[in-house]
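Participant: Okay, so here is start_0.pdb, and as you'll see once you scroll down, it has PDB, C-alpha atoms.
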ATOM      1  CA  MET A   1      -0.805  14.933  17.905
ATOM      2  CA  ALA A   2      -1.443  11.552  19.492
ATOM      3  CA  LEU A   3      -2.401   8.842  17.053
ATOM      4  CA  GLU A   4      -5.236   7.693  19.275
ATOM      5  CA  THR A   5      -6.955  11.099  19.050
ATOM      6  CA  ALA A   6      -6.208  11.977  15.413
ATOM      7  CA  SER A   7      -9.250  13.317  13.615
ATOM      8  CA  PRO A   8     -10.449  11.265  10.650
ATOM      9  CA  LYS A   9     -10.848  14.606   8.864
ATOM     10  CA  ASP A  10      -7.118  15.150   8.641
ATOM     11  CA  ASP A  11      -5.188  11.985   9.431
ATOM     12  CA  ALA A  12      -4.035  11.452   5.830
ATOM     13  CA  GLU A  13      -2.105  14.711   5.581
ATOM     14  CA  ALA A  14      -1.361  15.250   9.258
ATOM     15  CA  PRO A  15       2.237  14.878  10.486
ATOM     16  CA  LEU A  16       3.091  11.319  11.419
ATOM     17  CA  PRO A  17       6.631  10.859  12.765
ATOM     18  CA  GLY A  18       8.240   7.464  12.453
ATOM     19  CA  GLY A  19       8.811   6.817  16.139
ATOM     20  CA  ARG A  20      10.955   3.906  17.236
ATOM     21  CA  LEU A  21      12.484   1.915  14.382
ATOM     22  CA  TYR A  22      13.102  -1.840  14.308
ATOM     23  CA  TRP A  23      15.747  -3.000  11.825
ATOM     24  CA  LEU A  24      15.727  -6.234   9.847
ATOM     25  CA  ARG A  25      18.888  -7.233   7.991
ATOM     26  CA  ALA A  26      19.866  -9.997   5.565
ATOM     27  CA  GLY A  27      22.885  -9.797   3.292
ATOM     28  CA  ARG A  28      22.888  -6.398   1.586
ATOM     29  CA  LEU A  29      19.251  -5.696   2.458
ATOM     30  CA  GLU A  30      18.313  -3.445   5.413
ATOM     31  CA  VAL A  31      14.699  -2.749   6.377
ATOM     32  CA  ALA A  32      13.555  -0.353   9.124
ATOM     33  CA  LEU A  33      10.046  -0.898  10.487
ATOM     34  CA  ALA A  34       8.046   1.907  12.115
ATOM     35  CA  PRO A  35       5.186   0.144  13.930
ATOM     36  CA  GLU A  36       3.991   3.355  15.609
ATOM     37  CA  ALA A  37       3.644   5.079  12.221
ATOM     38  CA  GLY A  38       0.997   2.908  10.632
ATOM     39  CA  GLY A  39       3.052  -0.277  10.685
ATOM     40  CA  ARG A  40       5.082   1.018   7.756
ATOM     41  CA  ILE A  41       8.545   0.444   6.388
ATOM     42  CA  ALA A  42      10.486   3.641   7.052
ATOM     43  CA  HIS A  43      13.735   2.698   5.274
ATOM     44  CA  LEU A  44      14.492   0.204   2.546
ATOM     45  CA  ARG A  45      18.178  -0.016   1.662
ATOM     46  CA  TYR A  46      19.940  -2.378  -0.675
ATOM     47  CA  ASP A  47      23.733  -2.309  -0.814
ATOM     48  CA  GLY A  48      23.605   1.077   0.910
ATOM     49  CA  VAL A  49      21.139   2.655  -1.560
ATOM     50  CA  GLU A  50      17.947   4.060  -0.019
ATOM     51  CA  TRP A  51      14.880   3.258  -2.120
ATOM     52  CA  LEU A  52      12.097   4.957  -0.131
ATOM     53  CA  VAL A  53      11.131   8.571   0.423
ATOM     54  CA  GLY A  54      11.741   9.327   4.113
ATOM     55  CA  GLU A  55       9.592  11.223   6.564
ATOM     56  CA  GLN A  56      11.943  14.204   6.746
ATOM     57  CA  GLU A  57      11.776  14.685   2.974
ATOM     58  CA  VAL A  58       8.043  15.371   2.918
ATOM     59  CA  GLY A  59       7.368  16.866   6.331
ATOM     60  CA  ALA A  60       6.151  13.533   7.712
ATOM     61  CA  ALA A  61       2.639  13.712   6.177
ATOM     62  CA  ALA A  62       1.078  10.336   6.928
ATOM     63  CA  ILE A  63       0.259   9.333   3.343
ATOM     64  CA  GLY A  64       3.475  10.605   1.755
ATOM     65  CA  TRP A  65       6.455   8.552   2.931
ATOM     66  CA  GLY A  66       7.805   5.060   3.435
ATOM     67  CA  CYS A  67       5.848   1.965   2.446
ATOM     68  CA  TYR A  68       2.625   1.378   4.333
ATOM     69  CA  PRO A  69      -0.215  -1.152   4.329
ATOM     70  CA  MET A  70      -3.641  -0.096   3.058
ATOM     71  CA  VAL A  71      -6.314  -1.930   5.026
ATOM     72  CA  PRO A  72      -9.270  -2.601   5.026
ATOM     73  CA  TRP A  73      -9.509  -0.579   1.810
ATOM     74  CA  ALA A  74      -6.972   0.749  -0.679
ATOM     75  CA  GLY A  75      -7.084   4.060  -2.510
ATOM     76  CA  ARG A  76     -10.093   6.351  -2.366
ATOM     77  CA  ILE A  77     -13.650   5.479  -1.389
ATOM     78  CA  ARG A  78     -15.744   7.998  -3.308
ATOM     79  CA  GLN A  79     -17.065  10.560  -0.823
ATOM     80  CA  GLY A  80     -16.562   7.890   1.829
ATOM     81  CA  ARG A  81     -19.794   6.191   0.780
ATOM     82  CA  PHE A  82     -20.589   2.607  -0.150
ATOM     83  CA  VAL A  83     -23.367   0.052   0.188
ATOM     84  CA  PHE A  84     -22.780  -3.366   1.731
ATOM     85  CA  GLU A  85     -25.458  -6.018   2.028
ATOM     86  CA  GLY A  86     -28.137  -3.429   1.304
ATOM     87  CA  THR A  87     -27.013  -0.986   4.002
ATOM     88  CA  ALA A  88     -25.489   2.398   3.176
ATOM     89  CA  PHE A  89     -22.306   3.352   5.036
ATOM     90  CA  GLU A  90     -20.448   6.649   5.212
ATOM     91  CA  LEU A  91     -16.800   6.733   6.291
ATOM     92  CA  PRO A  92     -15.066   9.875   7.607
ATOM     93  CA  LEU A  93     -13.434  11.938   4.873
ATOM     94  CA  ASN A  94      -9.687  12.270   5.371
ATOM     95  CA  PHE A  95      -8.448  13.407   1.943
ATOM     96  CA  GLY A  96     -10.518  16.160   0.385
ATOM     97  CA  ALA A  97     -13.947  14.818  -0.461
ATOM     98  CA  HIS A  98     -12.947  11.159  -0.109
ATOM     99  CA  ALA A  99     -11.864   8.509   2.387
ATOM    100  CA  ILE A 100      -8.410   7.236   1.474
ATOM    101  CA  HIS A 101      -6.148   4.239   2.162
ATOM    102  CA  GLY A 102      -7.991   2.552   5.036
ATOM    103  CA  VAL A 103      -7.385   2.989   8.754
ATOM    104  CA  GLY A 104      -4.103   1.125   9.236
ATOM    105  CA  PHE A 105      -1.644   3.662   7.797
ATOM    106  CA  SER A 106      -2.048   6.175  10.650
ATOM    107  CA  ARG A 107      -2.475   3.848  13.646
ATOM    108  CA  PRO A 108       0.178   2.145  15.771
ATOM    109  CA  TRP A 109       0.607  -1.567  15.100
ATOM    110  CA  HIS A 110       1.635  -4.131  17.694
ATOM    111  CA  VAL A 111       4.924  -6.023  17.252
ATOM    112  CA  ASP A 112       3.950  -9.659  17.717
ATOM    113  CA  SER A 113       7.361 -11.142  16.889
ATOM    114  CA  LEU A 114      10.759  -9.770  15.949
ATOM    115  CA  ASP A 115      13.814 -11.622  14.673
ATOM    116  CA  ALA A 116      17.000 -10.457  12.983
ATOM    117  CA  ASP A 117      15.448 -10.818   9.527
ATOM    118  CA  ALA A 118      11.665 -11.042  10.079
ATOM    119  CA  ALA A 119       8.801  -9.509  12.018
ATOM    120  CA  THR A 120       5.068  -9.940  12.498
ATOM    121  CA  LEU A 121       2.798  -6.972  13.238
ATOM    122  CA  SER A 122      -0.902  -6.823  14.030
ATOM    123  CA  LEU A 123      -3.680  -4.270  14.332
ATOM    124  CA  ALA A 124      -7.159  -4.645  15.797
ATOM    125  CA  LEU A 125      -9.439  -2.797  13.378
ATOM    126  CA  PRO A 126     -11.925  -0.439  15.019
ATOM    127  CA  GLU A 127     -15.666  -0.871  15.149
ATOM    128  CA  ASP A 128     -16.671   2.783  15.134
ATOM    129  CA  ALA A 129     -17.019   5.778  12.807
ATOM    130  CA  TYR A 130     -13.629   5.078  11.227
ATOM    131  CA  TRP A 131     -14.619   1.516  10.329
ATOM    132  CA  PRO A 132     -17.903  -0.101  11.420
ATOM    133  CA  PHE A 133     -17.017  -3.781  10.994
ATOM    134  CA  GLY A 134     -14.077  -4.563  13.274
ATOM    135  CA  GLY A 135     -11.718  -7.355  12.278
ATOM    136  CA  ARG A 136      -7.970  -7.820  12.546
ATOM    137  CA  ALA A 137      -5.047  -7.054  10.246
ATOM    138  CA  THR A 138      -1.617  -8.695  10.262
ATOM    139  CA  GLN A 139       1.652  -8.183   8.428
ATOM    140  CA  VAL A 140       4.564 -10.560   7.998
ATOM    141  CA  ILE A 141       7.786  -8.906   6.810
ATOM    142  CA  ARG A 142      10.740 -11.104   5.903
ATOM    143  CA  ALA A 143      14.143 -10.080   4.539
ATOM    144  CA  THR A 144      16.432 -12.407   2.604
ATOM    145  CA  PRO A 145      19.805 -11.379   1.129
ATOM    146  CA  ASP A 146      18.282 -10.025  -2.106
ATOM    147  CA  CYS A 147      14.528 -10.044  -1.509
ATOM    148  CA  LEU A 148      11.876  -8.525   0.745
ATOM    149  CA  GLU A 149       8.726 -10.586   1.233
ATOM    150  CA  LEU A 150       5.621  -8.777   2.485
ATOM    151  CA  ARG A 151       2.374 -10.476   3.421
ATOM    152  CA  LEU A 152      -0.672  -8.474   4.465
ATOM    153  CA  ALA A 153      -3.879 -10.102   5.688
ATOM    154  CA  VAL A 154      -7.206  -9.022   7.107
ATOM    155  CA  GLN A 155      -9.583 -11.292   8.975
ATOM    156  CA  ALA A 156     -13.227 -10.449   9.483
ATOM    157  CA  GLY A 157     -14.491 -10.407  13.054
ATOM    158  CA  ASP A 158     -17.918 -11.595  14.067
ATOM    159  CA  LYS A 159     -19.667  -9.941  11.122
ATOM    160  CA  ALA A 160     -19.260 -10.006   7.362
ATOM    161  CA  MET A 161     -17.321  -7.114   5.828
ATOM    162  CA  PRO A 162     -15.969  -5.813   2.516
ATOM    163  CA  ALA A 163     -12.202  -5.641   2.061
ATOM    164  CA  VAL A 164      -9.546  -4.433  -0.369
ATOM    165  CA  LEU A 165      -5.864  -4.684   0.605
ATOM    166  CA  GLY A 166      -2.829  -2.902  -0.760
ATOM    167  CA  TRP A 167       0.756  -1.790  -0.220
ATOM    168  CA  HIS A 168       1.756   1.838  -0.857
ATOM    169  CA  PRO A 169       5.513   2.265  -1.373
ATOM    170  CA  TRP A 170       6.855   5.774  -2.038
ATOM    171  CA  PHE A 171       9.943   5.007  -4.088
ATOM    172  CA  ARG A 172      12.543   7.675  -4.690
ATOM    173  CA  LYS A 173      12.270   8.720  -8.307
ATOM    174  CA  PRO A 174      13.811   5.915 -10.406
ATOM    175  CA  ASP A 175      15.695   6.289 -13.662
ATOM    176  CA  GLN A 176      13.293   3.955 -15.433
ATOM    177  CA  VAL A 177      10.051   2.032 -14.852
ATOM    178  CA  VAL A 178       9.344  -1.239 -16.662
ATOM    179  CA  PHE A 179       5.590  -1.763 -16.747
ATOM    180  CA  ALA A 180       3.357  -3.297 -19.436
ATOM    181  CA  PRO A 181      -0.254  -3.478 -18.183
ATOM    182  CA  SER A 182      -3.028  -4.959 -20.279
ATOM    183  CA  ALA A 183      -5.782  -2.489 -19.299
ATOM    184  CA  MET A 184      -6.584   0.411 -16.987
ATOM    185  CA  TYR A 185      -9.533   1.841 -15.107
ATOM    186  CA  PRO A 186     -10.446   5.268 -16.512
ATOM    187  CA  ARG A 187     -10.849   8.088 -13.980
ATOM    188  CA  ASP A 188     -13.823  10.451 -13.932
ATOM    189  CA  GLY A 189     -14.045  14.123 -13.006
ATOM    190  CA  GLU A 190     -13.505  13.334  -9.318
ATOM    191  CA  GLY A 191     -10.313  11.455 -10.125
ATOM    192  CA  ILE A 192     -11.885   8.135  -9.110
ATOM    193  CA  ALA A 193     -11.540   4.839 -11.008
ATOM    194  CA  THR A 194     -14.559   3.749 -13.056
ATOM    195  CA  LEU A 195     -15.633   0.860 -15.271
ATOM    196  CA  PRO A 196     -15.385  -0.459 -17.949
ATOM    197  CA  CYS A 197     -11.626  -0.800 -18.264
ATOM    198  CA  VAL A 198      -9.869   0.607 -21.316
ATOM    199  CA  ARG A 199      -6.522   0.275 -23.069
ATOM    200  CA  PRO A 200      -3.686   1.957 -21.147
ATOM    201  CA  VAL A 201      -2.897   5.541 -22.122
ATOM    202  CA  PRO A 202       0.450   7.323 -21.751
ATOM    203  CA  GLY A 203       1.304   8.862 -18.384
ATOM    204  CA  PRO A 204       1.871  10.652 -16.173
ATOM    205  CA  TRP A 205      -0.362   8.346 -14.177
ATOM    206  CA  ASP A 206      -2.374   8.238 -11.004
ATOM    207  CA  ASP A 207      -4.307   5.217 -12.161
ATOM    208  CA  CYS A 208      -5.223   1.601 -11.506
ATOM    209  CA  PHE A 209      -4.165  -1.018 -14.054
ATOM    210  CA  LEU A 210      -4.758  -4.669 -14.781
ATOM    211  CA  ASN A 211      -1.368  -6.338 -14.930
ATOM    212  CA  GLN A 212      -0.154  -9.911 -14.459
ATOM    213  CA  GLN A 213       3.501  -9.277 -15.255
ATOM    214  CA  GLU A 214       6.500  -8.405 -13.144
ATOM    215  CA  VAL A 215       7.044  -4.671 -12.604
ATOM    216  CA  ALA A 216      10.604  -3.354 -12.491
ATOM    217  CA  MET A 217      12.406  -0.163 -11.545
ATOM    218  CA  VAL A 218      15.930   0.872 -12.476
ATOM    219  CA  SER A 219      17.888   3.188 -10.193
ATOM    220  CA  GLY A 220      21.554   3.636 -10.990
ATOM    221  CA  GLU A 221      23.145   0.202 -11.206
ATOM    222  CA  GLN A 222      20.334  -1.503  -9.301
ATOM    223  CA  VAL A 223      17.162  -3.098 -10.606
ATOM    224  CA  LEU A 224      14.178  -3.773  -8.350
ATOM    225  CA  ARG A 225      11.712  -6.375  -9.624
ATOM    226  CA  MET A 226       8.262  -6.575  -8.048
ATOM    227  CA  ARG A 227       5.695  -9.359  -8.071
ATOM    228  CA  ALA A 228       2.382  -9.790  -6.259
ATOM    229  CA  ASP A 229      -0.432 -12.326  -6.207
ATOM    230  CA  THR A 230      -2.922  -9.846  -7.636
ATOM    231  CA  GLY A 231      -3.813  -8.425 -11.019
ATOM    232  CA  HIS A 232      -4.455  -4.867  -9.792
ATOM    233  CA  TRP A 233      -1.676  -2.289  -9.639
ATOM    234  CA  VAL A 234      -1.910   1.448  -9.008
ATOM    235  CA  VAL A 235       0.912   3.587 -10.391
ATOM    236  CA  TYR A 236       1.432   7.221  -9.424
ATOM    237  CA  ASP A 237       4.329   8.885 -11.217
ATOM    238  CA  GLY A 238       3.179  12.495 -11.322
ATOM    239  CA  ALA A 239       5.493  13.681  -8.531
ATOM    240  CA  ALA A 240       8.983  14.923  -9.318
ATOM    241  CA  HIS A 241      10.544  13.255  -6.286
ATOM    242  CA  ALA A 242       8.821   9.855  -6.206
ATOM    243  CA  THR A 243       7.006   7.063  -8.015
ATOM    244  CA  CYS A 244       4.478   4.793  -6.304
ATOM    245  CA  VAL A 245       3.843   1.240  -7.526
ATOM    246  CA  GLU A 246       1.044  -0.253  -5.438
ATOM    247  CA  PRO A 247      -0.266  -3.823  -5.660
ATOM    248  CA  GLN A 248      -3.896  -4.039  -4.529
ATOM    249  CA  THR A 249      -6.473  -6.808  -4.343
ATOM    250  CA  GLY A 250      -8.968  -4.519  -6.079
ATOM    251  CA  PRO A 251      -9.280  -1.051  -7.575
ATOM    252  CA  PRO A 252      -9.805   2.265  -5.785
ATOM    253  CA  ASP A 253     -13.456   2.673  -4.775
ATOM    254  CA  GLY A 254     -13.314  -1.093  -4.651
ATOM    255  CA  PHE A 255     -16.236  -1.491  -2.233
ATOM    256  CA  THR A 256     -18.430  -0.308  -5.110
ATOM    257  CA  LEU A 257     -16.520  -1.510  -8.185
ATOM    258  CA  LEU A 258     -15.100  -4.896  -7.168
ATOM    259  CA  PRO A 259     -15.365  -5.749  -3.461
ATOM    260  CA  ASP A 260     -14.181  -8.873  -1.719
ATOM    261  CA  ARG A 261     -16.829 -10.005   0.747
ATOM    262  CA  LEU A 262     -15.458 -11.705   3.826
ATOM    263  CA  GLU A 263     -17.644 -13.946   5.928
ATOM    264  CA  PRO A 264     -17.120 -13.819   9.709
ATOM    265  CA  GLY A 265     -13.649 -15.175  10.420
ATOM    266  CA  GLN A 266     -12.666 -15.314   6.740
ATOM    267  CA  ILE A 267      -9.193 -14.062   5.696
ATOM    268  CA  LEU A 268      -8.062 -12.062   2.655
ATOM    269  CA  GLU A 269      -4.307 -11.978   1.930
ATOM    270  CA  LEU A 270      -1.938 -10.111  -0.361
ATOM    271  CA  THR A 271       1.690 -11.084  -0.941
ATOM    272  CA  PHE A 272       4.196  -8.588  -2.370
ATOM    273  CA  GLU A 273       7.755  -9.568  -3.282
ATOM    274  CA  LEU A 274      10.566  -7.112  -4.019
ATOM    275  CA  GLN A 275      13.796  -8.539  -5.424
ATOM    276  CA  TRP A 276      17.016  -6.680  -6.186
ATOM    277  CA  GLY A 277      19.706  -7.337  -8.742
ATOM    278  CA  ASP A 278      21.772  -5.691 -11.446
ATOM    279  CA  GLY A 279      20.603  -4.800 -14.951
ATOM    280  CA  SER A 280      21.089  -8.236 -16.498
ATOM    281  CA  GLY A 281      17.982  -9.887 -17.914
ATOM    282  CA  ASN A 282      16.026  -6.645 -18.094
ATOM    283  CA  GLY A 283      14.524  -7.125 -21.535
ATOM    284  CA  ASP A 284      10.957  -5.881 -21.020
ATOM    285  CA  GLU A 285       9.564  -2.855 -22.785
ATOM    286  CA  ALA A 286      10.377   0.229 -20.692
ATOM    287  CA  ARG A 287       8.948   3.685 -20.696
TER     288      ARG A 287
END
Before anything else, please render the file you have as structure tokens.

Facilitator:
Amino acid sequence: MALETASPKDDAEAPLPGGRLYWLRAGRLEVALAPEAGGRIAHLRYDGVEWLVGEQEVGAAAIGWGCYPMVPWAGRIRQGRFVFEGTAFELPLNFGAHAIHGVGFSRPWHVDSLDADAATLSLALPEDAYWPFGGRATQVIRATPDCLELRLAVQAGDKAMPAVLGWHPWFRKPDQVVFAPSAMYPRDGEGIATLPCVRPVPGPWDDCFLNQQEVAMVSGEQVLRMRADTGHWVVYDGAAHATCVEPQTGPPDGFTLLPDRLEPGQILELTFELQWGDGSGNGDEAR
């Protein structure tokens, strides 16, 4: 199925093969980019260890593999509906009764620049039934010997727009997760985040949390430490094969709960840093 003709009714769970891969390398870090598959990272290897769930492991469903950008919204928009500047909008439903993860994860991105250890990708956002506001999204991916730096940005076009950004990595199931959030958004009967926030409850989780601390994962002898310039993190650990740790600029259903309003030409950015090492210095409370 061609990406350009994919139905918004099924693009989240439709097959999405990786296509041509572009490799970035620095020291022991290897990163494979799949621009045709939603501008995602298809492989993330450190010292030969693969950290991401690959497309062949899950049948290549668009939302279920690699690490992809969520733009111009992250998580679910309840029933695809929201109000912006007094006008009601209704987005196509692509995941059950909801609109999920934006429009960037299933569309081909353009490779603007490519070096041995860095790349820049871009995507012109639509101005149609998928997304009525237009705008432009960019990614900067940079590998250093022990760290991957990801920067995602969206710029409004000639009209104001709401925006929530996020990264959605599907990590292979780790041995341990180190995570100490201060609060969480409770979910209602539709599985959607609501307010007010409450104290975190034990998992398994498919929830959005308030967290200002580093998040870490332990897999074998390796430790992956994650930082982002946001206080919102979604954690999904209910699958047997994977755990997702997703920094976002706002919660799911963010256009209703906590939207960022961009003026024409204004930019919203999210930086996500992943750093590898051994187990030394891992003294946080783990679960």

Participant: Would you please work out which residue, of A:Gly254, A:Pro181, A:Gly27, A:Gly38, is nearest to Ile63 of chain A when using only C-alpha atoms?

Facilitator: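 Comparing A:Gly254, A:Pro181, A:Gly27, A:Gly38 against Ile63 of chain A, the winner is A:Gly38.
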
Participant: From the list A:Arg199, A:Arg78, A:Lys173, A:Arg142, which residue is nearest Thr120 of chain A when using all atoms listed in the file?

Facilitator: A:Arg142

Participant: As an exercise, work out the distance from atom CA of Gln56 of chain A to atom CA of Val235 of chain A in Å and give it to one decimal place.

Facilitator: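 Computed distance, atom CA of Gln56 of chain A to atom CA of Val235 of chain A, equals 23.0 Å.
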
Participant: For a test of reading the model, state the distance in Å between atom CA of Gly203 of chain A and atom CA of Trp233 of chain A, rounded to one decimal.

Facilitator: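 Pair atom CA of Gly203 of chain A / atom CA of Trp233 of chain A returns 14.5 Å.
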
Participant: Give me the residues near Pro252 of chain A as an mmCIF file with C-alpha atoms, in the frame of the given file, where near means some atom within 12 Å (using only C-alpha atoms) and where sequence neighbours in that chain fewer than 3 positions away do not count.

Facilitator:
data_model
loop_
_atom_site.group_PDB
_atom_site.id
_atom_site.type_symbol
_atom_site.label_atom_id
_atom_site.label_comp_id
_atom_site.auth_asym_id
_atom_site.auth_seq_id
_atom_site.Cartn_x
_atom_site.Cartn_y
_atom_site.Cartn_z
ATOM 1 C CA MET A 70 -3.641 -0.096 3.058
ATOM 2 C CA PRO A 72 -9.270 -2.601 5.026
ATOM 3 C CA TRP A 73 -9.509 -0.579 1.810
ATOM 4 C CA ALA A 74 -6.972 0.749 -0.679
ATOM 5 C CA GLY A 75 -7.084 4.060 -2.510
ATOM 6 C CA ARG A 76 -10.093 6.351 -2.366
ATOM 7 C CA ILE A 77 -13.650 5.479 -1.389
ATOM 8 C CA ARG A 78 -15.744 7.998 -3.308
ATOM 9 C CA GLY A 80 -16.562 7.890 1.829
ATOM 10 C CA HIS A 98 -12.947 11.159 -0.109
ATOM 11 C CA ALA A 99 -11.864 8.509 2.387
ATOM 12 C CA ILE A 100 -8.410 7.236 1.474
ATOM 13 C CA HIS A 101 -6.148 4.239 2.162
ATOM 14 C CA GLY A 102 -7.991 2.552 5.036
ATOM 15 C CA ALA A 163 -12.202 -5.641 2.061
ATOM 16 C CA VAL A 164 -9.546 -4.433 -0.369
ATOM 17 C CA LEU A 165 -5.864 -4.684 0.605
ATOM 18 C CA GLY A 166 -2.829 -2.902 -0.760
ATOM 19 C CA MET A 184 -6.584 0.411 -16.987
ATOM 20 C CA TYR A 185 -9.533 1.841 -15.107
ATOM 21 C CA PRO A 186 -10.446 5.268 -16.512
ATOM 22 C CA ARG A 187 -10.849 8.088 -13.980
ATOM 23 C CA GLY A 191 -10.313 11.455 -10.125
ATOM 24 C CA ILE A 192 -11.885 8.135 -9.110
ATOM 25 C CA ALA A 193 -11.540 4.839 -11.008
ATOM 26 C CA THR A 194 -14.559 3.749 -13.056
ATOM 27 C CA LEU A 195 -15.633 0.860 -15.271
ATOM 28 C CA ASP A 206 -2.374 8.238 -11.004
ATOM 29 C CA ASP A 207 -4.307 5.217 -12.161
ATOM 30 C CA CYS A 208 -5.223 1.601 -11.506
ATOM 31 C CA PHE A 209 -4.165 -1.018 -14.054
ATOM 32 C CA HIS A 232 -4.455 -4.867 -9.792
ATOM 33 C CA TRP A 233 -1.676 -2.289 -9.639
ATOM 34 C CA VAL A 234 -1.910 1.448 -9.008
ATOM 35 C CA VAL A 235 0.912 3.587 -10.391
ATOM 36 C CA GLU A 246 1.044 -0.253 -5.438
ATOM 37 C CA PRO A 247 -0.266 -3.823 -5.660
ATOM 38 C CA GLN A 248 -3.896 -4.039 -4.529
ATOM 39 C CA THR A 249 -6.473 -6.808 -4.343
ATOM 40 C CA PHE A 255 -16.236 -1.491 -2.233
ATOM 41 C CA THR A 256 -18.430 -0.308 -5.110
ATOM 42 C CA LEU A 257 -16.520 -1.510 -8.185
ATOM 43 C CA LEU A 258 -15.100 -4.896 -7.168
ATOM 44 C CA PRO A 259 -15.365 -5.749 -3.461
#

Participant: To one decimal place, how far is atom CA of Thr271 of chain A from atom CA of Gln213 of chain A in Å?

Facilitator: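 Distance between the two atoms: 14.5 Å.
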
Participant: Show me, as lines of an AutoDock Vina configuration file, the centre and edge lengths in Å to one decimal of the axis-aligned box that covers every listed atom of segment 37-52 of chain A with 8 Å on each side.

Facilitator:
center_x = 12.4
center_y = 1.4
center_z = 5.1
size_x = 38.7
size_y = 23.5
size_z = 30.3

Participant: Of the residues A:Pro108, A:Pro145, A:Pro174, A:Pro200, which is the one nearest to Tyr46 of chain A, using all atoms listed in the file?

Facilitator: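 Checking each of A:Pro108, A:Pro145, A:Pro174, A:Pro200 against Tyr46 of chain A, counting all atoms listed in the file, the winner is A:Pro145.
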
Participant: Excluding Val177 of chain A and residues on its chain fewer than 4 positions from it, collect all residues at most 12 Å away from it, counting only C-alpha atoms, and give them as a PyMOL selection string.

Facilitator: chain A and resi 171-173+203-204+214-219+223-226+235-237+242-245+282+284-287

Participant: Considering all atoms listed in the file, state which residue in the set A:Cys147, A:Leu152, A:Leu210, A:Ala239 is at the smallest distance from Ala180 of chain A.

Facilitator: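 Checking each candidate against Ala180 of chain A, we get A:Leu210 as the closest.
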
Participant: Let me know the residues the PyMOL selection byres ((chain A and resi 148) around 10) catches in the file above, as a tab-separated table (two decimals) with C-alpha atoms, in the frame of the given file.

Facilitator:
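Now in out27.tsv:
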chain	number	residue	atom	x	y	z
A	26	ALA	CA	19.87	-10.00	5.56
A	29	LEU	CA	19.25	-5.70	2.46
A	30	GLU	CA	18.31	-3.44	5.41
A	31	VAL	CA	14.70	-2.75	6.38
A	44	LEU	CA	14.49	0.20	2.55
A	117	ASP	CA	15.45	-10.82	9.53
A	118	ALA	CA	11.66	-11.04	10.08
A	141	ILE	CA	7.79	-8.91	6.81
A	142	ARG	CA	10.74	-11.10	5.90
A	143	ALA	CA	14.14	-10.08	4.54
A	144	THR	CA	16.43	-12.41	2.60
A	145	PRO	CA	19.80	-11.38	1.13
A	146	ASP	CA	18.28	-10.02	-2.11
A	147	CYS	CA	14.53	-10.04	-1.51
A	149	GLU	CA	8.73	-10.59	1.23
A	150	LEU	CA	5.62	-8.78	2.48
A	226	MET	CA	8.26	-6.58	-8.05
A	272	PHE	CA	4.20	-8.59	-2.37
A	273	GLU	CA	7.76	-9.57	-3.28
A	274	LEU	CA	10.57	-7.11	-4.02
A	275	GLN	CA	13.80	-8.54	-5.42
A	276	TRP	CA	17.02	-6.68	-6.19

Participant: Skip Gln139 of chain A itself and residues of its chain fewer than 6 positions away, then list as a PyMOL selection string all residues within 10 Å of it, counting only C-alpha atoms.

Facilitator: chain A and resi 39-40+69+109+111-112+119-123+150-154+269-271

Participant: Return the single residue from A:Ala97, A:Leu33, A:Leu262, A:Ala62 that is closest to Leu16 of chain A, with distances computed using all atoms listed in the file.

Facilitator: A:Ala62

Participant: Which is closer to Ser182 of chain A than all the others in A:Glu36, A:Gln212, A:Arg136, A:Tyr130, using all atoms listed in the file?

Facilitator: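 Between A:Glu36, A:Gln212, A:Arg136, A:Tyr130, the residue approaching Ser182 of chain A most closely is A:Gln212.
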